[in-house]
Structures are given as C-alpha cells and as structure tokens.
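*Asks:* Here you go, input.cif (mmCIF, C-alpha atoms and all ligand atoms):
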data_query
#
loop_
_atom_site.group_PDB
_atom_site.id
_atom_site.type_symbol
_atom_site.label_atom_id
_atom_site.label_comp_id
_atom_site.auth_asym_id
_atom_site.auth_seq_id
_atom_site.Cartn_x
_atom_site.Cartn_y
_atom_site.Cartn_z
ATOM 1 C CA MET A 6 0.000 0.000 0.000
ATOM 2 C CA THR A 7 1.317 3.463 -0.900
ATOM 3 C CA VAL A 8 1.583 5.818 2.061
ATOM 4 C CA PRO A 9 -0.121 9.146 1.192
ATOM 5 C CA TYR A 10 2.126 12.217 1.204
ATOM 6 C CA ILE A 11 1.296 14.662 3.999
ATOM 7 C CA PRO A 12 3.039 18.087 3.862
ATOM 8 C CA SER A 13 5.083 18.747 6.996
ATOM 9 C CA HIS A 14 4.777 22.577 6.857
ATOM 10 C CA ALA A 15 1.905 24.795 5.699
ATOM 11 C CA ASP A 16 4.306 27.490 4.438
ATOM 12 C CA PHE A 17 6.270 25.309 1.998
ATOM 13 C CA VAL A 18 5.439 23.465 -1.227
ATOM 14 C CA VAL A 19 7.421 20.455 -2.455
ATOM 15 C CA GLU A 20 7.873 20.348 -6.239
ATOM 16 C CA PHE A 21 8.084 16.611 -6.865
ATOM 17 C CA LYS A 22 9.987 16.015 -10.117
ATOM 18 C CA PRO A 23 10.804 12.770 -11.912
ATOM 19 C CA GLY A 24 14.447 11.713 -11.853
ATOM 20 C CA ASP A 25 17.031 11.238 -9.135
ATOM 21 C CA PHE A 26 17.184 14.094 -6.592
ATOM 22 C CA ALA A 27 15.317 16.433 -8.965
ATOM 23 C CA SER A 28 12.649 17.565 -6.476
ATOM 24 C CA PHE A 29 12.884 20.789 -4.483
ATOM 25 C CA LEU A 30 11.088 23.009 -1.968
ATOM 26 C CA ARG A 31 9.409 26.369 -2.677
ATOM 27 C CA ALA A 32 8.269 29.107 -0.315
ATOM 28 C CA GLY A 33 4.488 29.033 0.027
ATOM 29 C CA ARG A 34 4.397 32.676 1.135
ATOM 30 C CA HIS A 35 6.636 35.731 1.429
ATOM 31 C CA PHE A 36 9.381 35.715 4.089
ATOM 32 C CA GLY A 37 11.369 38.767 5.165
ATOM 33 C CA GLN A 38 15.141 38.802 5.707
ATOM 34 C CA GLY A 39 15.905 37.378 9.157
ATOM 35 C CA ASP A 40 12.544 35.596 9.522
ATOM 36 C CA THR A 41 12.540 32.099 10.999
ATOM 37 C CA LEU A 42 10.954 29.815 8.407
ATOM 38 C CA ALA A 43 10.875 26.725 10.603
ATOM 39 C CA VAL A 44 12.281 25.227 13.777
ATOM 40 C CA LEU A 45 13.926 21.836 13.362
ATOM 41 C CA ASN A 46 11.754 20.095 15.913
ATOM 42 C CA LYS A 47 11.500 16.799 14.015
ATOM 43 C CA ALA A 48 15.256 16.277 13.680
ATOM 44 C CA THR A 49 16.897 13.072 14.885
ATOM 45 C CA ARG A 50 20.557 12.014 15.099
ATOM 46 C CA SER A 51 21.694 9.961 12.132
ATOM 47 C CA ASP A 52 24.661 8.583 10.250
ATOM 48 C CA LYS A 53 25.896 10.917 7.528
ATOM 49 C CA ALA A 54 23.849 10.626 4.324
ATOM 50 C CA TYR A 55 22.914 12.740 1.292
ATOM 51 C CA SER A 56 19.878 13.886 3.250
ATOM 52 C CA THR A 57 21.517 14.788 6.585
ATOM 53 C CA VAL A 58 22.691 18.145 7.931
ATOM 54 C CA GLN A 59 25.901 18.359 9.969
ATOM 55 C CA CYS A 60 25.255 19.662 13.491
ATOM 56 C CA GLY A 61 28.759 19.646 15.034
ATOM 57 C CA LYS A 62 32.467 19.333 14.339
ATOM 58 C CA GLU A 63 32.778 15.554 14.081
ATOM 59 C CA SER A 64 31.790 13.574 10.994
ATOM 60 C CA LYS A 65 29.393 11.597 13.224
ATOM 61 C CA ASP A 66 27.460 14.799 14.099
ATOM 62 C CA ASN A 67 24.505 14.713 11.727
ATOM 63 C CA ILE A 68 20.728 14.969 11.826
ATOM 64 C CA GLU A 69 17.926 13.782 9.598
ATOM 65 C CA LEU A 70 15.328 16.522 9.248
ATOM 66 C CA ASN A 71 12.349 14.120 8.997
ATOM 67 C CA SER A 72 10.312 16.745 7.146
ATOM 68 C CA ASP A 73 9.843 18.446 3.774
ATOM 69 C CA LEU A 74 12.906 20.566 4.618
ATOM 70 C CA VAL A 75 14.954 17.691 3.190
ATOM 71 C CA TYR A 76 13.941 19.053 -0.235
ATOM 72 C CA VAL A 77 15.842 22.338 0.261
ATOM 73 C CA ASN A 78 18.417 22.278 -2.531
ATOM 74 C CA HIS A 79 21.908 23.762 -2.437
ATOM 75 C CA SER A 80 22.662 27.099 -4.144
ATOM 76 C CA CYS A 81 25.893 29.059 -4.366
ATOM 77 C CA GLU A 82 23.704 32.176 -3.837
ATOM 78 C CA PRO A 83 21.372 30.829 -1.132
ATOM 79 C CA ASN A 84 18.291 32.445 0.414
ATOM 80 C CA VAL A 85 18.126 30.537 3.723
ATOM 81 C CA VAL A 86 20.520 29.214 6.362
ATOM 82 C CA PHE A 87 20.234 26.111 8.494
ATOM 83 C CA ASP A 88 21.354 27.460 11.864
ATOM 84 C CA LEU A 89 22.190 24.576 14.211
ATOM 85 C CA SER A 90 24.713 26.607 16.178
ATOM 86 C CA SER A 91 22.818 26.808 19.472
ATOM 87 C CA ALA A 92 23.753 24.436 22.314
ATOM 88 C CA ASP A 93 19.990 24.171 22.877
ATOM 89 C CA ARG A 94 18.525 22.014 20.097
ATOM 90 C CA ALA A 95 15.157 23.705 20.571
ATOM 91 C CA ASN A 96 16.729 26.771 18.908
ATOM 92 C CA TRP A 97 17.869 24.984 15.743
ATOM 93 C CA HIS A 98 16.058 26.670 12.872
ATOM 94 C CA VAL A 99 15.944 27.728 9.214
ATOM 95 C CA ARG A 100 16.255 31.504 8.702
ATOM 96 C CA ALA A 101 15.863 33.779 5.667
ATOM 97 C CA LEU A 102 19.152 35.312 4.505
ATOM 98 C CA LYS A 103 17.251 37.747 2.284
ATOM 99 C CA ASP A 104 13.658 38.601 1.382
ATOM 100 C CA ILE A 105 12.021 35.564 -0.244
ATOM 101 C CA ASP A 106 8.992 35.876 -2.529
ATOM 102 C CA ALA A 107 6.174 33.344 -2.444
ATOM 103 C CA GLY A 108 6.972 30.639 -5.000
ATOM 104 C CA SER A 109 10.775 31.054 -4.856
ATOM 105 C CA PRO A 110 12.813 27.870 -4.414
ATOM 106 C CA LEU A 111 14.350 27.660 -0.944
ATOM 107 C CA THR A 112 18.093 27.042 -1.072
ATOM 108 C CA PHE A 113 20.978 26.896 1.354
ATOM 109 C CA PHE A 114 24.731 26.767 0.850
ATOM 110 C CA TYR A 115 25.488 23.155 1.805
ATOM 111 C CA PRO A 116 29.159 23.833 2.739
ATOM 112 C CA SER A 117 27.913 26.263 5.416
ATOM 113 C CA THR A 118 27.126 23.149 7.490
ATOM 114 C CA GLU A 119 28.929 20.277 5.702
ATOM 115 C CA TRP A 120 32.696 19.702 5.905
ATOM 116 C CA GLU A 121 32.926 16.609 3.681
ATOM 117 C CA MET A 122 29.712 15.518 2.039
ATOM 118 C CA GLU A 123 28.493 11.955 1.623
ATOM 119 C CA GLN A 124 27.166 12.613 -1.879
ATOM 120 C CA PRO A 125 29.077 15.295 -3.836
ATOM 121 C CA PHE A 126 27.376 16.640 -6.976
ATOM 122 C CA GLU A 127 27.820 18.993 -9.916
ATOM 123 C CA CYS A 128 25.904 22.102 -8.926
ATOM 124 C CA GLN A 129 23.097 23.212 -11.209
ATOM 125 C CA CYS A 130 22.141 26.353 -9.267
ATOM 126 C CA GLY A 131 22.878 28.469 -12.340
ATOM 127 C CA THR A 132 24.064 31.490 -10.342
ATOM 128 C CA LYS A 133 26.894 33.802 -11.420
ATOM 129 C CA SER A 134 29.063 32.691 -8.502
ATOM 130 C CA CYS A 135 28.415 28.943 -8.947
ATOM 131 C CA LEU A 136 31.332 26.905 -7.604
ATOM 132 C CA GLY A 137 30.723 23.833 -9.772
ATOM 133 C CA ARG A 138 31.342 20.601 -7.885
ATOM 134 C CA ILE A 139 29.957 20.731 -4.329
ATOM 135 C CA GLN A 140 31.700 18.384 -1.876
ATOM 136 C CA GLY A 141 31.753 20.345 1.378
ATOM 137 C CA ALA A 142 33.740 23.197 2.912
ATOM 138 C CA LYS A 143 36.880 21.046 3.144
ATOM 139 C CA PHE A 144 37.332 21.512 -0.603
ATOM 140 C CA LEU A 145 36.799 25.294 -0.671
ATOM 141 C CA THR A 146 38.799 28.331 0.381
ATOM 142 C CA ARG A 147 37.787 30.367 3.412
ATOM 143 C CA ASP A 148 36.530 33.180 1.154
ATOM 144 C CA GLU A 149 34.464 30.823 -0.984
ATOM 145 C CA VAL A 150 32.660 29.673 2.162
ATOM 146 C CA VAL A 151 32.246 32.853 4.213
ATOM 147 C CA GLU A 152 31.185 35.167 1.402
ATOM 148 C CA ARG A 153 27.837 33.321 1.138
ATOM 149 C CA GLY A 154 26.511 35.173 4.175
ATOM 150 C CA TRP A 155 26.606 32.680 7.030
ATOM 151 C CA VAL A 156 28.728 29.755 8.211
ATOM 152 C CA SER A 157 28.311 27.231 11.038
ATOM 153 C CA PRO A 158 30.800 27.575 13.918
ATOM 154 C CA TRP A 159 32.291 24.108 13.319
ATOM 155 C CA ILE A 160 33.008 24.941 9.683
ATOM 156 C CA GLU A 161 34.710 28.163 10.785
ATOM 157 C CA GLU A 162 36.745 26.142 13.325
ATOM 158 C CA LEU A 163 37.734 23.434 10.820
ATOM 159 C CA ILE A 164 38.838 26.060 8.282
ATOM 160 C CA SER A 165 40.924 27.792 10.992
ATOM 161 C CA GLU A 166 42.539 24.465 11.977
ATOM 162 C CA ARG A 167 43.403 23.786 8.343
ATOM 163 C CA GLU A 168 45.004 27.226 8.061
ATOM 164 C CA GLU A 169 47.035 26.668 11.256
ATOM 165 C CA GLU A 170 48.233 23.289 9.961
ATOM 166 C CA SER A 171 49.345 24.728 6.636
ATOM 167 C CA ALA A 172 51.134 27.599 8.422
ATOM 168 C CA CYS A 173 53.229 25.022 10.314
ATOM 169 C CA THR A 174 54.336 23.057 7.238
HETATM 170 C C1 LIG A 201 18.940 16.661 0.528
HETATM 171 S S1 LIG A 201 18.748 16.370 -1.163
HETATM 172 C C2 LIG A 201 17.834 17.763 -1.710
HETATM 173 C C3 LIG A 201 16.567 17.351 -2.389
HETATM 174 C C4 LIG A 201 16.774 16.625 -3.682
HETATM 175 N N1 LIG A 201 16.811 17.566 -4.786
HETATM 176 C C5 LIG A 201 15.755 15.553 -3.888
HETATM 177 O O1 LIG A 201 15.037 15.555 -4.888
HETATM 178 O O2 LIG A 201 15.667 14.639 -3.020
HETATM 179 C C6 LIG A 201 20.401 16.664 -1.709
HETATM 180 C C7 LIG A 201 20.646 16.180 -3.107
HETATM 181 O O3 LIG A 201 19.902 16.973 -4.046
HETATM 182 C C8 LIG A 201 20.705 17.238 -5.190
HETATM 183 N N2 LIG A 201 20.974 18.683 -5.268
HETATM 184 C C9 LIG A 201 20.729 19.597 -4.322
HETATM 185 N N3 LIG A 201 21.080 20.819 -4.733
HETATM 186 C C10 LIG A 201 21.575 20.679 -5.971
HETATM 187 C C11 LIG A 201 22.137 21.587 -6.933
HETATM 188 N N4 LIG A 201 22.265 22.890 -6.692
HETATM 189 N N5 LIG A 201 22.562 21.074 -8.114
HETATM 190 C C12 LIG A 201 22.460 19.750 -8.384
HETATM 191 N N6 LIG A 201 21.935 18.853 -7.523
HETATM 192 C C13 LIG A 201 21.495 19.304 -6.329
HETATM 193 C C14 LIG A 201 21.995 16.452 -5.016
HETATM 194 O O4 LIG A 201 21.846 15.180 -5.593
HETATM 195 C C15 LIG A 201 22.078 16.337 -3.519
HETATM 196 O O5 LIG A 201 22.866 15.228 -3.088
#
What do you get writing this file as structure tokens?
Ligand SMILES: C[S@@+](CC[C@H](N)C(=O)[O-])C[C@H]1O[C@@H](n2cnc3c(N)ncnc32)[C@H](O)[C@@H]1O
*Replies:*
Amino acid sequence: MTVPYIPSHADFVVEFKPGDFASFLRAGRHFGQGDTLAVLNKATRSDKAYSTVQCGKESKDNIELNSDLVYVNHSCEPNVVFDLSSADRANWHVRALKDIDAGSPLTFFYPSTEWEMEQPFECQCGTKSCLGRIQGAKFLTRDEVVERGWVSPWIEELISEREEESACT
C-alpha cells in the first residue's frame, strides 16, 4: 500500500519532479530577511547521508530533518541558512538570509554546514558565482565559504585548523 504524502509545513510546497534528486522546496508565502521559516523540531541524530545536515564538528554529528525541509536544494547564492549553532537544540532553525517571494525555491549553501559531504554533486544552481562541484567546505577556500553570508561555527573552526596546519608546514 502506498503511504499518502502529507506536507510537513503549511508554508512550503514540495515540487516533486521525476528523476534522481530532482525535487525541491518552494516558499508558500513571502518571508522577510531574518525571519525564521521553521524550527527543526523533528530532527533526529543519524549517520551521515545525502539527506543529513551536519550539526557539530565531528563527521558523526549529523541529523535527519524528517520533514519536507529535506527538499531544500543547495545554491551558491542561497536564500536561507540552516542554523544549528545553538547548544539548545530547541533553537535549531531555518532563517531567511534575504527577502524571499512566495513561490521562490528555498536554497541553502550546503558547505555552510557540511565539511565533507556523503554525496558530492555537480551544482546546477545556475548562479553567477556557482562553484561547480559541491563536496563540502573542506574543498573550498575560506573566502568561498564565508562570502555566502553565514557559516556554522564548526566549519569556521575546521577552516581555521586547516590554516594553522598549513602555516606550520
Ligand atoms: C537533501 S537532497 C535535496 C533534495 C533533492 N533535490 C531531492 O530531490 O531529493 C540533496 C541532493 O539533491 C541534489 N541537489 C541539491 N542541490 C543541488 C544543486 N544545486 N545542483 C544539483 N543537484 C542538487 C543532489 O543530488 C544532492 O545530493
């Protein structure tokens, strides 16, 4: 028996598309810059996968979103951030980086949370600043990561450690 699809959030619309990983999430209404779009109250700890979001410095620190938010695609010019920086998980949320019109695809910059991704891909965001292959922040320069507007504290820390290591060699 097929389980019927039930939207997880009233303010989002999943565009289901045929083909592997071709679906994506749209805003169902306008959001202003800085607005919280959703709190991540359905998240559970998980092994790293294409669908997980990194929530700490170690490669074992990942969550499954368990909601339609899994359909937020990557963009090199994103309009939301996944902010899992609080020590209190109740504060983990998705926030608008800029004003978002109803109907716009919701996108975040995957390397803002991911150091080394489970499933790298050739980016099709089509933006002027597209970086091409997306594998995680480990494979990008500091500037390429931070100039997208927001970065998780563990990514900042891992980039700093890499810089310290290369200064010593
Ligand atoms: C968490 S899923 C996002 C939803 C996905 N589009 C789907 O249909 O299930 C992450 C995967 O979506 C695809 N993806 C996300 N953003 C992309 C982009 N900008 N260009 C190409 N593929 C992308 C990649 O295959 C990636 O591993």
*Asks:* Please, which residues in chain A fall within 6 Å of ligand LIG 201 (chain A) when counting all atoms listed in the file, and what is the closest atom pair and distance in Å to one decimal for each, ordered by chain then residue number, as JSON lines?
*Replies:*
{"residue": "A:Phe26", "atom": "CA", "partner": "A:LIG201", "partner_atom": "O1", "distance": 3.1}
{"residue": "A:Ala27", "atom": "CA", "partner": "A:LIG201", "partner_atom": "O1", "distance": 4.2}
{"residue": "A:Ser28", "atom": "CA", "partner": "A:LIG201", "partner_atom": "O1", "distance": 3.5}
{"residue": "A:Phe29", "atom": "CA", "partner": "A:LIG201", "partner_atom": "N1", "distance": 5.1}
{"residue": "A:Tyr55", "atom": "CA", "partner": "A:LIG201", "partner_atom": "O5", "distance": 5.0}
{"residue": "A:Ser56", "atom": "CA", "partner": "A:LIG201", "partner_atom": "C1", "distance": 4.0}
{"residue": "A:Val75", "atom": "CA", "partner": "A:LIG201", "partner_atom": "C1", "distance": 4.9}
{"residue": "A:Tyr76", "atom": "CA", "partner": "A:LIG201", "partner_atom": "C3", "distance": 3.8}
{"residue": "A:Val77", "atom": "CA", "partner": "A:LIG201", "partner_atom": "C2", "distance": 5.4}
{"residue": "A:Asn78", "atom": "CA", "partner": "A:LIG201", "partner_atom": "N3", "distance": 3.8}
{"residue": "A:His79", "atom": "CA", "partner": "A:LIG201", "partner_atom": "N3", "distance": 3.8}
{"residue": "A:Ser80", "atom": "CA", "partner": "A:LIG201", "partner_atom": "N4", "distance": 4.9}
{"residue": "A:Gln124", "atom": "CA", "partner": "A:LIG201", "partner_atom": "O5", "distance": 5.2}
{"residue": "A:Phe126", "atom": "CA", "partner": "A:LIG201", "partner_atom": "C14", "distance": 5.7}
{"residue": "A:Glu127", "atom": "CA", "partner": "A:LIG201", "partner_atom": "C12", "distance": 5.6}
{"residue": "A:Cys128", "atom": "CA", "partner": "A:LIG201", "partner_atom": "N5", "distance": 3.6}
{"residue": "A:Gln129", "atom": "CA", "partner": "A:LIG201", "partner_atom": "N5", "distance": 3.8}
{"residue": "A:Cys130", "atom": "CA", "partner": "A:LIG201", "partner_atom": "N4", "distance": 4.3}
*Asks:* Could you tell me which residues the PyMOL selection byres (((chain A and resi 68) around 8) and not hetatm) grabs in this file, written as an MDAnalysis selection string?
*Replies:* chainID A and resid 48:53 57:60 66:67 69:70
*Asks:* Do you know which residues are at most 10 Å from Phe113 of chain A counting only C-alpha atoms, after dropping those on the same chain fewer than 6 positions away, and could you put them as a list in words?
*Replies:*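 Near neighbours after the sequence-gap exclusion: Val77, Asn78, His79, Ser80, Cys81, Glu82, Pro83, Asn84, Val85, Val86, Phe87, Val99, Arg100, Ala101, Leu102, Arg153 and Trp155 of chain A.
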*Asks:* Please list as an MDAnalysis selection string every residue within 6 Å of Gly141 of chain A, counting all atoms listed in the file and excluding residues in the same chain fewer than 4 positions away.
*Replies:* chainID A and resid 116 119:122
*Asks:* For Ser157 of chain A, which residue out of A:Thr112, A:Thr118, A:Asn46, A:Asn71 is the nearest one, using all atoms listed in the file?
*Replies:*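 Residue with the minimum atom-to-atom distance to Ser157 of chain A: A:Thr118.
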*Asks:* Can you measure atom CA of Lys65 of chain A to atom CA of Leu163 of chain A for me? One decimal in Å is fine.
*Replies:*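 Atom CA of Leu163 of chain A lies 14.7 Å from atom CA of Lys65 of chain A.
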*Asks:* Which of these residues is nearest to Ala15 of chain A, using all atoms listed in the file: A:Leu74, A:Glu161, A:Lys47, A:Ser90?
*Replies:*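 That would be A:Leu74, the residue with the smallest distance to Ala15 of chain A.
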*Asks:* Quick one: residues within 12 Å of (8.2, 27.5, -0.7) (file frame), counting only C-alpha atoms, please, as a ChimeraX atom specification.
*Replies:* /A:12,14-20,29-36,42-43,73-74,76-78,84-85,101,105-112
*Asks:* Between A:Ser72, A:Lys133, A:Ser171, A:Leu45, which one has atoms that come closest to Trp97 of chain A, using all atoms listed in the file?
*Replies:* A:Leu45
*Asks:* Name every residue that the PyMOL selection byres (((chain A and resi 164) around 12) and not hetatm) selects in this structure, writing the answer as a PyMOL selection string with chains first and numbers rising.
*Replies:* chain A and resi 62+116-117+119-120+141-151+156-163+165-171
*Asks:* Could you tell me how far atom CA of Asn96 of chain A lies from atom CA of Val44 of chain A, in Å and to one decimal?
*Replies:*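 Atom CA of Val44 of chain A lies at a distance of 7.0 Å from atom CA of Asn96 of chain A.
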*Asks:* So how many Å separate atom CA of Asp40 of chain A and atom CA of Lys103 of chain A, to one decimal?
*Replies:*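 Going from atom CA of Asp40 of chain A over to atom CA of Lys103 of chain A, I get 8.9 Å.
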*Asks:* Fewer than 4 positions away in the same chain doesn't count, so skip those; otherwise give me all residues within 8 Å of Pro125 of chain A, counting all atoms listed in the file, as a ChimeraX atom specification.
*Replies:* /A:138-141
